Structures are given as C-alpha cells and as structure tokens.
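Down below is the structure, laid out as structure tokens.
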Amino acid sequence: MRGDLSDTTKENKSRRNLKGIILIDKPEGISSFGVVRRVKRILNVRRAGHLGTLDPFATGLLPILLGSATKLFPFLSKLNKRYIGLIELGKRTTTADPTGEIIETHPTDNLSVQEIEQTMLSFVGEFTQEIPIYSAKKIDGKPSYKWARMGIQKTPAPQKGFIKELKIISINIPFIEFELEVSSGTYIRAIAYMLGKKLKTGGILKSLRRISYGKFSIDDAIKIEELENLSLTNRDKILIILPYDALEFMREVVVPSGYVKSVLNGKLINHLPFGFEPEEKELIKLTDNNKNLLAIIEYTPKEKTPYRYKRVFNL
C-alpha cells in the first residue's frame with residue numbers, strides 16, 4: 001500500500017509535515033547527504049535522512065525518510081542490501097575506489113579465472129573485514145573519512161561482515177563483475193581491497209550500484225531530476241511509502257480502539273491477544289484499526305513485563 005504526495009499533503013495540511021519514504025536513484029558524483037539536501041529542498045520538508053550511505057562514486061537505491069518517518073531509522077537500518085559492481089585488480093588506491101590516488105600497481109597476467117573465482121567465493125558467509133580509512137565508520141565521534149581528509153591517520157578497527165549470496169557475473173582479467181547480497185555494516189570496498197590483497201595484486205571497487213534495500217527495489221526509485229519535475233508539474237504522481245508499509249516485515253498486532261491512547265502514552269503491556277506467540281527479541285508493530293503505526297515493542301520472555309517499548313510513534 002502506498003500514499004501519494006497529494007493525499008499525504010491533504011492529511012497533514014502542509015508539505016512540511018510530509019511523512020514516509022521516497023526511493024531515490026542516486027546519481028554518480030554526489031554524496032548521500034547531498035541527495036538528502038536536494039530532496040528536502042524539492043519537497044520543502046524540514047526533516048529528512050537517508051538509509052545506507054552510498055559513496056559519491058556509487059549509484060542506485062537510496063531510501064530517504066521524510067518528516068516524522070525518520071523515527072523508523074533504527075528499525076530499517078539493519079536490513080540486507082543487494083548490489084552489482086565491478087572490481088579492478090592490479091592497482092591499489094588510497095580509497096580502495098577510483099576516486100583515490102594510486103599507491104601501487106601490479107601485473108595481473110599471472111592470475112587465472114579459477115583462482116580469482118575461488119578466492120572471491122571464499123568471502124561468502126561471515127568474514128572479518130578491513131575497513132577502508134575513507135569510510136563512514138565512526139572513530140572518536142567522527143566518520144573515518146573526515147580524519148583522513150585532515151591528514152590524521154586513524155585506522156578503523158576490523159569488524160565482521162556477512163555475504164549472504166555472491167554471484168560472479170563475469171571475469172575478464174583484471175575486471176570482475178559481480179552481484180551480491182550483504183548484511184548491514186558490510187563494506188563492498190573492503191571486499192575489493194581484501195580480494196586484491198589475497199591475490200597479491202591489489203584491487204579497487206571500480207563501480208557500484210545498489211539495486212535493493214530490504215524489500216525496497218531500484219525499480220521503484222525515481223531520479224532527482226524526475227522528482228524535481230514532478231514536484232513542479234504533477235506532484236500527485238510522486239509515490240511515498242507509508243510508515244506502516246515500510247515495516248511490512250514485522251508482525252502486527254491491532255490495538256483495540258479503547259487501548260490506543262494507553263499505547264501512545266507508553267502504558268506497560270503484559271500480554272498480547274490470544275494465539276500470538278512471539279519469538280525471543282522479536283520486534284512487533286502495534287497499529288490501530290486504520291493501519292496507523294502506534295508503537296514498536298520487543299518481546300523478552302521470563303520477565304515480569306515481557307513486552308518493552310522500543311518506540312512510540314505519533315505518525
């Protein structure tokens with residue numbers, strides 16, 4: 001279920017109160033934050049934020065949370081992501097991508113397709129990744145890339161990454177075209193760097209395009225120029241994903257009308273309707289009869305109050 005800009009505007013009586021998620025097809029050469037700034041200006045919203053940072057050289061799906069829907073960030077930020085990309089072997093740069101300075105080059109004519117394929121597939125599953133210093137990983141309160149740009153060497157600590165699925169589309173040495181699905185916190189540039197390190201040739205992420213984020217698909221995304229044009233000429237055609245639908249992966253409990261106010265006031269919940277059997281640490285969305293999102297709770301068994309509020313909404 002989706003809402004359009006016209007319906008949402010009428011409901012809130014102001015475009016500044018717009019709420020929901022819009023999917024942007026980010027172009028190359030602009031930061032994720034730069035996309036957010038443009039969307040805020042185009043739609044005239046006070047608050048907005050993005051899910052899943054894409055580097056300036058990368059393109060593809062960038063979900064933008066609008067207005068009070070920014071409260072959904074903690075519940076959407078951990079979703080898996082799918083990419084297609086291109087790795088180039090034989091060189092190493094300061095950023096592990098084509099935007100950095102070349103540090104060294106190595107021949108690749110000694111490599112075989114089989115060796116490259118086996119080495120790359122060895123990363124499938126959980127692995128320890130070496131985070132590039134030019135990354136959004138925070139160190140002492142600042143993204144690592146900001147320290148690097150100031151000339152201060154602060155190396156991010158290694159962290160776990162997870163590749164759920166990896167498909168090698170083609171290998172034309174020194175280039176490897178691939179598609180993969182990864183968990184949150186997995187750096188594709190780290191995969192390119194570590195592959196080059198294992199093969200002793202160096203490697204960079206030549207190009208990257210995100211094609212899905214959880215259930216969100218690039219097929220439903222809109223280019224910034226198209227958004228700007230529709231905002232001026234036919235804003236009824238701008239599709240906004242409603243908060244309720246954005247959490248479709250969560251199980252739902254409909255709160256009887258007489259208890260809605262209690263939920264919005266954060267009143268303790270000791271039990272859910274008969275027949276609902278939650279799993280440990282499961283997140284559950286509470287809604288009213290009109291599919292308005294009221295709260296998200298977490299279930300922890302063997303406690304006096306097994307249901308704990310993670311967030312109460314006024315969406």
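Labels for the structure tokens follow display order: chains A, B, ..., residues from 1 in each chain, ligands from 1.
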DSSP says helix (DSSP H, G or I) for which residues of range 1-241 of chain A? Put them as a ChimeraX atom specification?
-> /A:5-12,15-17,32-43,67-76,113-121,144-149,188-199,218-220,224-233,235-237
Export, as an mmCIF file, in the first residue's frame, the selected residues with C-alpha atoms.
```cif
data_model
loop_
_atom_site.group_PDB
_atom_site.id
_atom_site.type_symbol
_atom_site.label_atom_id
_atom_site.label_comp_id
_atom_site.auth_asym_id
_atom_site.auth_seq_id
_atom_site.Cartn_x
_atom_site.Cartn_y
_atom_site.Cartn_z
ATOM 1 C CA LEU A 5 2.130 13.289 -2.225
ATOM 2 C CA SER A 6 -1.300 14.794 -2.737
ATOM 3 C CA ASP A 7 -3.015 12.547 -0.167
ATOM 4 C CA THR A 8 -0.255 12.982 2.361
ATOM 5 C CA THR A 9 -0.287 16.750 1.947
ATOM 6 C CA LYS A 10 -4.048 16.950 2.466
ATOM 7 C CA GLU A 11 -3.827 14.779 5.541
ATOM 8 C CA ASN A 12 -1.123 16.900 7.135
ATOM 9 C CA ARG A 15 4.101 19.737 2.786
ATOM 10 C CA ARG A 16 6.432 20.478 5.671
ATOM 11 C CA ASN A 17 4.681 17.724 7.620
ATOM 12 C CA SER A 32 24.183 10.650 0.092
ATOM 13 C CA PHE A 33 23.841 13.723 2.306
ATOM 14 C CA GLY A 34 23.827 15.894 -0.817
ATOM 15 C CA VAL A 35 20.850 13.881 -2.122
ATOM 16 C CA VAL A 36 19.017 14.443 1.168
ATOM 17 C CA ARG A 37 19.598 18.205 0.911
ATOM 18 C CA ARG A 38 18.162 18.301 -2.608
ATOM 19 C CA VAL A 39 15.130 16.205 -1.686
ATOM 20 C CA LYS A 40 14.411 18.441 1.324
ATOM 21 C CA ARG A 41 14.535 21.492 -0.909
ATOM 22 C CA ILE A 42 12.401 19.970 -3.660
ATOM 23 C CA LEU A 43 9.698 18.672 -1.299
ATOM 24 C CA GLY A 67 9.488 14.097 8.341
ATOM 25 C CA SER A 68 8.483 12.026 11.350
ATOM 26 C CA ALA A 69 9.277 8.847 9.397
ATOM 27 C CA THR A 70 12.913 9.479 10.393
ATOM 28 C CA LYS A 71 11.897 7.700 13.616
ATOM 29 C CA LEU A 72 11.882 4.476 11.596
ATOM 30 C CA PHE A 73 15.650 4.614 11.052
ATOM 31 C CA PRO A 74 16.687 2.141 13.820
ATOM 32 C CA PHE A 75 14.242 -0.457 12.508
ATOM 33 C CA LEU A 76 15.211 -0.179 8.847
ATOM 34 C CA VAL A 113 39.928 -17.157 -13.706
ATOM 35 C CA GLN A 114 39.655 -20.179 -11.415
ATOM 36 C CA GLU A 115 41.989 -18.643 -8.800
ATOM 37 C CA ILE A 116 40.070 -15.368 -8.806
ATOM 38 C CA GLU A 117 36.725 -17.130 -8.563
ATOM 39 C CA GLN A 118 37.783 -19.412 -5.699
ATOM 40 C CA THR A 119 39.348 -16.564 -3.748
ATOM 41 C CA MET A 120 36.346 -14.295 -4.101
ATOM 42 C CA LEU A 121 33.847 -17.013 -3.196
ATOM 43 C CA SER A 144 36.814 7.888 9.417
ATOM 44 C CA TYR A 145 36.987 9.762 6.094
ATOM 45 C CA LYS A 146 36.941 13.124 7.903
ATOM 46 C CA TRP A 147 40.031 12.192 9.899
ATOM 47 C CA ALA A 148 41.712 11.004 6.695
ATOM 48 C CA ARG A 149 40.918 14.251 4.879
ATOM 49 C CA ILE A 188 31.972 -3.652 -0.588
ATOM 50 C CA ARG A 189 35.181 -1.650 -0.972
ATOM 51 C CA ALA A 190 36.663 -3.783 1.815
ATOM 52 C CA ILE A 191 35.859 -6.893 -0.234
ATOM 53 C CA ALA A 192 37.660 -5.435 -3.264
ATOM 54 C CA TYR A 193 40.649 -4.434 -1.147
ATOM 55 C CA MET A 194 40.889 -7.807 0.630
ATOM 56 C CA LEU A 195 40.492 -9.731 -2.633
ATOM 57 C CA GLY A 196 43.389 -7.780 -4.134
ATOM 58 C CA LYS A 197 45.428 -8.386 -1.004
ATOM 59 C CA LYS A 198 44.848 -12.161 -1.112
ATOM 60 C CA LEU A 199 45.709 -12.302 -4.807
ATOM 61 C CA ILE A 218 15.597 0.184 -7.533
ATOM 62 C CA ASP A 219 12.678 -0.468 -9.908
ATOM 63 C CA ASP A 220 10.536 1.795 -7.704
ATOM 64 C CA ILE A 224 16.300 13.517 -8.595
ATOM 65 C CA GLU A 225 15.626 15.380 -11.844
ATOM 66 C CA GLU A 226 12.354 13.492 -12.295
ATOM 67 C CA LEU A 227 11.364 14.278 -8.713
ATOM 68 C CA GLU A 228 12.029 17.963 -9.283
ATOM 69 C CA ASN A 229 9.994 17.956 -12.488
ATOM 70 C CA LEU A 230 7.040 16.117 -10.910
ATOM 71 C CA SER A 231 7.114 18.414 -7.902
ATOM 72 C CA LEU A 232 6.588 21.359 -10.242
ATOM 73 C CA THR A 233 4.206 19.789 -12.754
ATOM 74 C CA ARG A 235 3.150 16.115 -7.716
ATOM 75 C CA ASP A 236 0.231 13.674 -7.442
ATOM 76 C CA LYS A 237 2.481 11.152 -9.207
#
```
Near-Glu248 in chain A list (12 Å; only C-alpha atoms; drop same-chain fewer than 6 positions) as a ChimeraX atom specification = /A:1,75-76,214-216,241-242,283-287,291,293
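Shortest atom-to-atom contact with Tyr213 in chain A among A:Gly60, A:Gly49, A:Gly29, A:Pro107: A:Gly60, counting only C-alpha atoms.
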Please provide as number ranges by chain all residues within 10 Å of Leu54 in chain A, with the sequence filter that same-chain residues fewer than 3 positions apart are discarded (counting only C-alpha atoms).
-> A: 26, 28, 30-33, 50-51, 57-62, 136, 208-210
Per DSSP on the backbone, what are the strand (DSSP E or B) residues of range 264-293 of chain A, as a PyMOL selection string?
-> chain A and resi 269+283-287+293
Within 12 Å of Asn292 in chain A using only C-alpha atoms, minus same-chain residues under 2 positions, as a PDB file with N, CA, C and O atoms, in the first residue's frame:
```
ATOM      1  N   LEU A 242       4.325   4.531   2.837  1.00  0.00           N
ATOM      2  CA  LEU A 242       3.819   4.876   4.162  1.00  0.00           C
ATOM      3  C   LEU A 242       4.580   4.118   5.251  1.00  0.00           C
ATOM      4  O   LEU A 242       5.061   2.999   5.025  1.00  0.00           O
ATOM      5  N   PRO A 243       4.704   4.706   6.452  1.00  0.00           N
ATOM      6  CA  PRO A 243       5.431   4.044   7.553  1.00  0.00           C
ATOM      7  C   PRO A 243       4.943   2.636   7.838  1.00  0.00           C
ATOM      8  O   PRO A 243       5.746   1.725   8.074  1.00  0.00           O
ATOM      9  N   TYR A 244       3.634   2.422   7.798  1.00  0.00           N
ATOM     10  CA  TYR A 244       3.070   1.096   8.057  1.00  0.00           C
ATOM     11  C   TYR A 244       3.619   0.071   7.068  1.00  0.00           C
ATOM     12  O   TYR A 244       4.007  -1.036   7.431  1.00  0.00           O
ATOM     13  N   ASP A 245       3.677   0.455   5.796  1.00  0.00           N
ATOM     14  CA  ASP A 245       4.126  -0.466   4.762  1.00  0.00           C
ATOM     15  C   ASP A 245       5.630  -0.680   4.802  1.00  0.00           C
ATOM     16  O   ASP A 245       6.124  -1.736   4.408  1.00  0.00           O
ATOM     17  N   LEU A 247       7.368  -1.167   7.286  1.00  0.00           N
ATOM     18  CA  LEU A 247       7.658  -2.190   8.300  1.00  0.00           C
ATOM     19  C   LEU A 247       6.881  -3.478   8.034  1.00  0.00           C
ATOM     20  O   LEU A 247       6.538  -4.204   8.960  1.00  0.00           O
ATOM     21  N   GLU A 252       2.300  -7.935  13.097  1.00  0.00           N
ATOM     22  CA  GLU A 252       1.444  -6.824  13.534  1.00  0.00           C
ATOM     23  C   GLU A 252       0.416  -7.283  14.567  1.00  0.00           C
ATOM     24  O   GLU A 252      -0.125  -8.382  14.487  1.00  0.00           O
ATOM     25  N   VAL A 253       0.171  -6.409  15.532  1.00  0.00           N
ATOM     26  CA  VAL A 253      -0.944  -6.589  16.455  1.00  0.00           C
ATOM     27  C   VAL A 253      -1.799  -5.331  16.388  1.00  0.00           C
ATOM     28  O   VAL A 253      -1.288  -4.212  16.556  1.00  0.00           O
ATOM     29  N   VAL A 254      -3.092  -5.507  16.080  1.00  0.00           N
ATOM     30  CA  VAL A 254      -4.021  -4.375  16.008  1.00  0.00           C
ATOM     31  C   VAL A 254      -4.551  -4.093  17.412  1.00  0.00           C
ATOM     32  O   VAL A 254      -5.118  -4.966  18.071  1.00  0.00           O
ATOM     33  N   VAL A 255      -4.360  -2.881  17.864  1.00  0.00           N
ATOM     34  CA  VAL A 255      -4.769  -2.482  19.212  1.00  0.00           C
ATOM     35  C   VAL A 255      -6.236  -2.054  19.192  1.00  0.00           C
ATOM     36  O   VAL A 255      -6.622  -1.213  18.360  1.00  0.00           O
ATOM     37  N   SER A 257      -9.565  -0.031  19.796  1.00  0.00           N
ATOM     38  CA  SER A 257      -9.671   1.429  19.858  1.00  0.00           C
ATOM     39  C   SER A 257      -9.627   1.974  21.282  1.00  0.00           C
ATOM     40  O   SER A 257      -9.083   3.054  21.531  1.00  0.00           O
ATOM     41  N   VAL A 260      -5.844   2.464  22.414  1.00  0.00           N
ATOM     42  CA  VAL A 260      -4.889   3.216  21.600  1.00  0.00           C
ATOM     43  C   VAL A 260      -4.204   4.310  22.411  1.00  0.00           C
ATOM     44  O   VAL A 260      -2.973   4.473  22.378  1.00  0.00           O
ATOM     45  N   LEU A 264      -0.146   4.906  23.174  1.00  0.00           N
ATOM     46  CA  LEU A 264       0.556   6.140  22.835  1.00  0.00           C
ATOM     47  C   LEU A 264       1.166   6.812  24.058  1.00  0.00           C
ATOM     48  O   LEU A 264       2.117   7.593  23.940  1.00  0.00           O
ATOM     49  N   LYS A 285       5.016  -4.666  15.603  1.00  0.00           N
ATOM     50  CA  LYS A 285       4.423  -3.344  15.419  1.00  0.00           C
ATOM     51  C   LYS A 285       2.982  -3.352  15.916  1.00  0.00           C
ATOM     52  O   LYS A 285       2.220  -4.293  15.667  1.00  0.00           O
ATOM     53  N   LEU A 286       2.627  -2.310  16.652  1.00  0.00           N
ATOM     54  CA  LEU A 286       1.266  -2.124  17.139  1.00  0.00           C
ATOM     55  C   LEU A 286       0.600  -1.062  16.284  1.00  0.00           C
ATOM     56  O   LEU A 286       1.169   0.019  16.056  1.00  0.00           O
ATOM     57  N   THR A 287      -0.592  -1.355  15.776  1.00  0.00           N
ATOM     58  CA  THR A 287      -1.305  -0.419  14.911  1.00  0.00           C
ATOM     59  C   THR A 287      -2.744  -0.276  15.384  1.00  0.00           C
ATOM     60  O   THR A 287      -3.235  -1.077  16.185  1.00  0.00           O
ATOM     61  N   ASP A 288      -3.416   0.754  14.865  1.00  0.00           N
ATOM     62  CA  ASP A 288      -4.837   0.877  15.142  1.00  0.00           C
ATOM     63  C   ASP A 288      -5.635   0.260  13.991  1.00  0.00           C
ATOM     64  O   ASP A 288      -5.056  -0.309  13.051  1.00  0.00           O
ATOM     65  N   ASN A 289      -6.948   0.386  14.039  1.00  0.00           N
ATOM     66  CA  ASN A 289      -7.797  -0.228  13.016  1.00  0.00           C
ATOM     67  C   ASN A 289      -7.624   0.388  11.631  1.00  0.00           C
ATOM     68  O   ASN A 289      -8.044  -0.197  10.636  1.00  0.00           O
ATOM     69  N   ASN A 290      -7.014   1.573  11.568  1.00  0.00           N
ATOM     70  CA  ASN A 290      -6.816   2.271  10.290  1.00  0.00           C
ATOM     71  C   ASN A 290      -5.396   2.113   9.756  1.00  0.00           C
ATOM     72  O   ASN A 290      -4.974   2.876   8.895  1.00  0.00           O
ATOM     73  N   LEU A 294       1.403   2.779  15.750  1.00  0.00           N
ATOM     74  CA  LEU A 294       1.343   3.331  17.103  1.00  0.00           C
ATOM     75  C   LEU A 294       2.657   3.155  17.856  1.00  0.00           C
ATOM     76  O   LEU A 294       3.127   4.080  18.512  1.00  0.00           O
ATOM     77  N   ALA A 295       3.218   1.955  17.777  1.00  0.00           N
ATOM     78  CA  ALA A 295       4.433   1.678  18.553  1.00  0.00           C
ATOM     79  C   ALA A 295       5.098   0.415  18.037  1.00  0.00           C
ATOM     80  O   ALA A 295       4.506  -0.381  17.303  1.00  0.00           O
ATOM     81  N   ILE A 296       6.346   0.253  18.435  1.00  0.00           N
ATOM     82  CA  ILE A 296       7.073  -0.986  18.212  1.00  0.00           C
ATOM     83  C   ILE A 296       7.532  -1.488  19.572  1.00  0.00           C
ATOM     84  O   ILE A 296       8.104  -0.732  20.371  1.00  0.00           O
ATOM     85  N   VAL A 312       7.515   4.685  20.585  1.00  0.00           N
ATOM     86  CA  VAL A 312       6.116   5.071  20.448  1.00  0.00           C
ATOM     87  C   VAL A 312       6.060   6.155  19.389  1.00  0.00           C
ATOM     88  O   VAL A 312       6.867   7.096  19.390  1.00  0.00           O
ATOM     89  N   PHE A 313       5.108   6.030  18.466  1.00  0.00           N
ATOM     90  CA  PHE A 313       5.043   6.956  17.345  1.00  0.00           C
ATOM     91  C   PHE A 313       3.840   7.883  17.447  1.00  0.00           C
ATOM     92  O   PHE A 313       2.835   7.553  18.051  1.00  0.00           O
ATOM     93  N   ASN A 314       3.994   9.008  16.807  1.00  0.00           N
ATOM     94  CA  ASN A 314       2.868   9.913  16.577  1.00  0.00           C
ATOM     95  C   ASN A 314       2.869  10.246  15.103  1.00  0.00           C
ATOM     96  O   ASN A 314       3.044  11.383  14.687  1.00  0.00           O
ATOM     97  N   LEU A 315       2.737   9.169  14.301  1.00  0.00           N
ATOM     98  CA  LEU A 315       2.806   9.313  12.851  1.00  0.00           C
ATOM     99  C   LEU A 315       1.443   9.565  12.236  1.00  0.00           C
ATOM    100  O   LEU A 315       1.307   9.655  11.042  1.00  0.00           O
TER     101      LEU A 315
END
```
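One distance worth recording is that between CA of Asp25 in chain A and CA of Pro63 in chain A, which is 8.7 Å.
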Please provide the set of residues having any atom within 8 Å of Val124 in chain A, restricted to only C-alpha atoms, with same-chain residues fewer than 3 positions apart removed, written as a count of residues only.
-> 8
Of the candidates A:Asn234, A:Thr105, A:Thr95, A:Ser170, which one gets nearest to Pro56 in chain A if we count only C-alpha atoms?
->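 Of A:Asn234, A:Thr105, A:Thr95, A:Ser170, the one nearest Pro56 in chain A, counting only C-alpha atoms, is A:Thr95.
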Taking into account only C-alpha atoms, which residue in the set A:Leu86, A:Leu66, A:Ile152, A:Ile204 is nearest to Leu180 in chain A?
-> A:Leu86
Skipping near chain neighbours, those fewer than 3 positions away, what residues fall within 6 Å of range 97-102 of chain A using only C-alpha atoms, listed as a list in words?
->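 The contact residues come out as Arg92, Thr93, Thr94, Ile204, Leu205 and Lys206 of chain A.
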Record the distance separating CA of Tyr187 in chain A and CA of Lys281 in chain A, expressed in Å with one decimal.
-> 26.6 Å
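By only C-alpha atoms, and with residues fewer than 5 positions from Tyr299 in chain A along its chain excluded, the set lying at most 7 Å from it is Pro278, Glu280, Lys281, Glu282, Leu283, Pro306, Tyr307 and Arg308 of chain A.
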